[in-house]
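S.K.: I have a structure I would like to understand better, so I am pasting it below and will then ask my questions one at a time.
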Amino acid sequence: MADDARSRPTKNERRQAAREQARQAREAEKKREKRNRLFLQGGIVVGVVAILAIIGLVITTANAPAGPGPKNMASGGVTFVKDLKVKETPALKAGAERRAPEVDWSKSPVDVTVYADYMCPACGAFEQTYGTMLENYVGSGDITLRIYPLNFLDNASQGTKYSTRAANLFSCVVQEQPDVAFKLHNLLLSKEEQPQEGTPGLTDDQLLKVAKKAGVKVDDTLKNCVQDGTFKKFIDQNTKQVLENQILGLAKGAQLVANPQTGELQKAGDPQRLKSTPTVIINGKQWVPQRDGELEPYILKLKAELEANAADSAKQ
């Protein structure tokens, strides 16, 4: 995607791009051989980074009182719909329980959820590989995309808590300027802007410059939201939810991977908790590359099934 928000593709261009990607994906699927390892094509590892040995962070977030959330993130995540618009929701009240949005997975569009940390290298690799494809399918209305920002890598930024600060910026923009939130998410995980794990990360001023590149108006409201860390506690509670309680958005009985390197599943009946990022949930089930294949053909298969079901229902 271009850095200048004004150069974003038009609706027709996104639809044409989605059709072309669909054609290419179908051809690639015919040639794809099933793999028995958790690596993406091109050697990109999904979810192997950070197997969440973060006891200190869990203790910290457990002791932090829940703060009010931003508008448009009532579940803890933001949902992007057709034309990259943000689905409007009220703000989550302080101390309120996070609940997954109600979604009918028997009907289009395909529902995609991503749990990500803005310092996570694998999250950056995922966005750099699939960001444009996801943008096209969201823009055309073929999928919805829900992003849950987390801060489990706060301990990997030399005390600056970069993960929290980046997620806070994203939350500020989702509330105040939602039309450019998708572009900001993409830039924060881009090769050009994402800091390396273990470094201090970007300063608040540098984060605001990234926001400006995304088309955000850097006004006093945004500056105050960033400098005050308005949604830091909200991000803390997002992370606590997935580490201590359970991930939102799973179908009943669905299991998450327990060991990203072996594909072993978490015990059925137990709360299904985050073990690595990015964690990707599609229509209520975790997408696992070595089991489900490449992301785009997997989404297209689900899309075709939903369209076939709708056609059958129309005939009845």
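Identifiers in this document derive from the order of the structure tokens: chains are assigned A, B, ..., residues are numbered from 1 separately in each chain, and ligands are numbered from 1 in order of occurrence.
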Would you pick out the contacts of region 69-75 of chain A at 7 Å or less, using only C-alpha atoms, so that residues sharing its chain but fewer than 2 positions from it are not included, and give the list as a PyMOL selection string?

M.R.: chain A and resi 67+77-78+87-93+98-101+171-172+174-175+231+234

S.K.: Which value, in Å to one decimal, gives the distance between CA of Lys301 (chain A) and CA of Gly131 (chain A)?

M.R.: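 Pair CA of Lys301 (chain A) / CA of Gly131 (chain A) returns 18.9 Å.
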
S.K.: Just want the 7 Å neighbourhood of region 143-158 of chain A, counted on only C-alpha atoms, with same-chain residues fewer than 4 positions away dropped. Output as JSON, numbers by chain.

M.R.: {"A": [57, 76, 77, 78, 79, 80, 81, 109, 110, 111, 112, 113, 114, 115, 116, 117, 119, 137, 138, 162, 163, 164, 167, 197, 198, 199, 200, 201, 235, 236, 238, 239]}

S.K.: I need the residues from that last selection saved to file as an mmCIF file, in the first residue's frame (with N, CA and C atoms), if you can.

M.R.:
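Printed below is result19.cif as written:
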```
data_model
loop_
_atom_site.group_PDB
_atom_site.id
_atom_site.type_symbol
_atom_site.label_atom_id
_atom_site.label_comp_id
_atom_site.auth_asym_id
_atom_site.auth_seq_id
_atom_site.Cartn_x
_atom_site.Cartn_y
_atom_site.Cartn_z
ATOM 1 N N LEU A 57 4.669 -9.890 33.095
ATOM 2 C CA LEU A 57 3.636 -9.082 32.465
ATOM 3 C C LEU A 57 2.258 -9.501 32.919
ATOM 4 N N GLY A 76 -12.812 -5.114 22.542
ATOM 5 C CA GLY A 76 -11.368 -5.090 22.713
ATOM 6 C C GLY A 76 -10.666 -4.970 21.366
ATOM 7 N N GLY A 77 -11.384 -5.309 20.310
ATOM 8 C CA GLY A 77 -10.832 -5.226 18.956
ATOM 9 C C GLY A 77 -11.663 -4.300 18.093
ATOM 10 N N VAL A 78 -11.092 -3.906 16.947
ATOM 11 C CA VAL A 78 -11.792 -3.066 15.990
ATOM 12 C C VAL A 78 -12.111 -3.898 14.755
ATOM 13 N N THR A 79 -13.302 -3.714 14.198
ATOM 14 C CA THR A 79 -13.738 -4.478 13.031
ATOM 15 C C THR A 79 -13.769 -3.582 11.798
ATOM 16 N N PHE A 80 -13.014 -3.997 10.771
ATOM 17 C CA PHE A 80 -13.022 -3.289 9.494
ATOM 18 C C PHE A 80 -13.969 -4.013 8.541
ATOM 19 N N VAL A 81 -14.830 -3.240 7.878
ATOM 20 C CA VAL A 81 -15.828 -3.801 6.976
ATOM 21 C C VAL A 81 -15.639 -3.205 5.582
ATOM 22 N N PRO A 109 -20.016 -12.021 4.854
ATOM 23 C CA PRO A 109 -18.633 -12.250 4.430
ATOM 24 C C PRO A 109 -17.885 -13.172 5.383
ATOM 25 N N VAL A 110 -16.716 -13.650 4.945
ATOM 26 C CA VAL A 110 -15.846 -14.449 5.814
ATOM 27 C C VAL A 110 -15.332 -13.553 6.931
ATOM 28 N N ASP A 111 -15.323 -14.089 8.144
ATOM 29 C CA ASP A 111 -14.943 -13.329 9.336
ATOM 30 C C ASP A 111 -13.511 -13.685 9.743
ATOM 31 N N VAL A 112 -12.622 -12.694 9.725
ATOM 32 C CA VAL A 112 -11.211 -12.909 10.048
ATOM 33 C C VAL A 112 -10.837 -12.067 11.263
ATOM 34 N N THR A 113 -10.187 -12.692 12.236
ATOM 35 C CA THR A 113 -9.730 -12.006 13.448
ATOM 36 C C THR A 113 -8.238 -12.233 13.607
ATOM 37 N N VAL A 114 -7.512 -11.164 13.931
ATOM 38 C CA VAL A 114 -6.063 -11.253 14.127
ATOM 39 C C VAL A 114 -5.698 -10.641 15.469
ATOM 40 N N TYR A 115 -4.983 -11.410 16.288
ATOM 41 C CA TYR A 115 -4.411 -10.921 17.539
ATOM 42 C C TYR A 115 -2.947 -10.606 17.275
ATOM 43 N N ALA A 116 -2.537 -9.352 17.557
ATOM 44 C CA ALA A 116 -1.191 -8.927 17.176
ATOM 45 C C ALA A 116 -0.592 -7.973 18.196
ATOM 46 N N ASP A 117 0.739 -7.998 18.259
ATOM 47 C CA ASP A 117 1.539 -7.057 19.041
ATOM 48 C C ASP A 117 2.400 -6.286 18.045
ATOM 49 N N MET A 119 5.211 -4.962 18.179
ATOM 50 C CA MET A 119 6.643 -5.227 18.162
ATOM 51 C C MET A 119 6.953 -6.658 17.725
ATOM 52 N N TYR A 137 -9.675 -7.672 0.039
ATOM 53 C CA TYR A 137 -10.880 -8.440 0.346
ATOM 54 C C TYR A 137 -11.790 -7.728 1.336
ATOM 55 N N VAL A 138 -11.205 -6.981 2.281
ATOM 56 C CA VAL A 138 -12.043 -6.162 3.162
ATOM 57 C C VAL A 138 -12.697 -5.054 2.355
ATOM 58 N N TYR A 162 7.013 -0.203 24.393
ATOM 59 C CA TYR A 162 6.644 0.179 23.033
ATOM 60 C C TYR A 162 5.334 -0.468 22.593
ATOM 61 N N SER A 163 5.142 -1.734 22.904
ATOM 62 C CA SER A 163 3.921 -2.422 22.456
ATOM 63 C C SER A 163 2.681 -1.692 22.947
ATOM 64 N N THR A 164 2.691 -1.281 24.205
ATOM 65 C CA THR A 164 1.561 -0.545 24.761
ATOM 66 C C THR A 164 1.388 0.795 24.073
ATOM 67 N N ALA A 167 0.034 0.368 20.515
ATOM 68 C CA ALA A 167 -1.366 -0.052 20.558
ATOM 69 C C ALA A 167 -2.258 1.081 21.049
ATOM 70 N N GLU A 197 12.440 -6.263 17.693
ATOM 71 C CA GLU A 197 12.225 -6.722 19.064
ATOM 72 C C GLU A 197 13.528 -6.578 19.847
ATOM 73 N N GLY A 198 13.428 -6.091 21.079
ATOM 74 C CA GLY A 198 14.606 -5.913 21.914
ATOM 75 C C GLY A 198 15.191 -4.518 21.872
ATOM 76 N N THR A 199 14.663 -3.669 20.993
ATOM 77 C CA THR A 199 15.099 -2.275 20.926
ATOM 78 C C THR A 199 14.085 -1.403 21.673
ATOM 79 N N PRO A 200 14.425 -0.121 21.924
ATOM 80 C CA PRO A 200 13.459 0.750 22.611
ATOM 81 C C PRO A 200 12.206 1.036 21.783
ATOM 82 N N GLY A 201 12.287 0.792 20.489
ATOM 83 C CA GLY A 201 11.146 1.099 19.638
ATOM 84 C C GLY A 201 11.100 2.573 19.299
ATOM 85 N N ILE A 235 -5.415 -1.630 26.865
ATOM 86 C CA ILE A 235 -4.554 -2.594 26.190
ATOM 87 C C ILE A 235 -4.061 -3.650 27.177
ATOM 88 N N ASP A 236 -3.742 -3.246 28.401
ATOM 89 C CA ASP A 236 -3.364 -4.215 29.445
ATOM 90 C C ASP A 236 -4.445 -5.288 29.588
ATOM 91 N N ASN A 238 -6.786 -6.107 27.426
ATOM 92 C CA ASN A 238 -6.858 -6.940 26.221
ATOM 93 C C ASN A 238 -5.919 -8.132 26.355
ATOM 94 N N THR A 239 -4.693 -7.843 26.806
ATOM 95 C CA THR A 239 -3.682 -8.895 26.940
ATOM 96 C C THR A 239 -4.048 -9.864 28.055
#
```

S.K.: Kindly indicate which residue among A:Val242, A:Cys225, A:Ile247, A:Cys120 lies nearest to Thr277 (chain A), using only C-alpha atoms for the distances.

M.R.: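 Counting only C-alpha atoms, the residue closest to Thr277 (chain A) is A:Cys120.
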
S.K.: So which residues touch Gln227 (chain A) within 10 Å, counting only C-alpha atoms, skipping near sequence neighbours fewer than 5 positions away, as number ranges by chain?

M.R.: A: 165, 168-169, 204-205, 222

S.K.: At a cut-off of 8 Å, using only C-alpha atoms, what residues contact Pro121 (chain A)? Leave out same-chain residues fewer than 3 positions from it and give the result as a list in words.

M.R.: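 Near Pro121 (chain A), the qualifying residues are Val49, Gly124, Ala125, Gln196 and Glu197 of chain A.
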
S.K.: Please report as JSON lines every residue of region 273-300 of chain A lying within 12 Å of region 265-268 of chain A, along with the nearest atom pair and their distance in Å (one decimal), using only C-alpha atoms.

M.R.:
```
{"residue": "A:Arg273", "atom": "CA", "partner": "A:Gln266", "partner_atom": "CA", "distance": 8.4}
{"residue": "A:Leu274", "atom": "CA", "partner": "A:Gln266", "partner_atom": "CA", "distance": 10.2}
{"residue": "A:Lys275", "atom": "CA", "partner": "A:Gln266", "partner_atom": "CA", "distance": 9.7}
{"residue": "A:Gln286", "atom": "CA", "partner": "A:Leu265", "partner_atom": "CA", "distance": 10.6}
{"residue": "A:Val288", "atom": "CA", "partner": "A:Leu265", "partner_atom": "CA", "distance": 10.7}
{"residue": "A:Arg291", "atom": "CA", "partner": "A:Leu265", "partner_atom": "CA", "distance": 11.8}
```

S.K.: Take the residues from that selection and write them out as a PDB file, in the first residue's frame, keeping N, CA, C and O atoms.

M.R.:
```
ATOM      1  N   ARG A 273      -6.316 -20.276  25.290  1.00  0.00           N
ATOM      2  CA  ARG A 273      -5.554 -19.056  25.553  1.00  0.00           C
ATOM      3  C   ARG A 273      -4.472 -18.834  24.508  1.00  0.00           C
ATOM      4  O   ARG A 273      -3.989 -19.777  23.887  1.00  0.00           O
ATOM      5  N   LEU A 274      -4.089 -17.564  24.375  1.00  0.00           N
ATOM      6  CA  LEU A 274      -3.072 -17.187  23.399  1.00  0.00           C
ATOM      7  C   LEU A 274      -1.723 -17.804  23.749  1.00  0.00           C
ATOM      8  O   LEU A 274      -1.273 -17.737  24.890  1.00  0.00           O
ATOM      9  N   LYS A 275      -1.068 -18.399  22.768  1.00  0.00           N
ATOM     10  CA  LYS A 275       0.254 -18.975  22.957  1.00  0.00           C
ATOM     11  C   LYS A 275       1.301 -18.298  22.088  1.00  0.00           C
ATOM     12  O   LYS A 275       2.496 -18.427  22.356  1.00  0.00           O
ATOM     13  N   GLN A 286      -9.104 -21.461  14.409  1.00  0.00           N
ATOM     14  CA  GLN A 286      -7.761 -20.949  14.175  1.00  0.00           C
ATOM     15  C   GLN A 286      -7.243 -21.419  12.824  1.00  0.00           C
ATOM     16  O   GLN A 286      -7.360 -22.588  12.457  1.00  0.00           O
ATOM     17  N   VAL A 288      -4.243 -22.534  10.824  1.00  0.00           N
ATOM     18  CA  VAL A 288      -2.931 -23.115  11.099  1.00  0.00           C
ATOM     19  C   VAL A 288      -2.318 -23.485   9.750  1.00  0.00           C
ATOM     20  O   VAL A 288      -2.809 -24.379   9.069  1.00  0.00           O
ATOM     21  N   ARG A 291      -1.646 -27.110   8.589  1.00  0.00           N
ATOM     22  CA  ARG A 291      -2.859 -27.922   8.515  1.00  0.00           C
ATOM     23  C   ARG A 291      -3.813 -27.404   7.437  1.00  0.00           C
ATOM     24  O   ARG A 291      -4.441 -28.200   6.708  1.00  0.00           O
TER      25      ARG A 291
END
```

S.K.: Figure out the distance between CA of Gln255 (chain A) and CA of Gly284 (chain A), please, to one decimal in Å.

M.R.: 9.8 Å
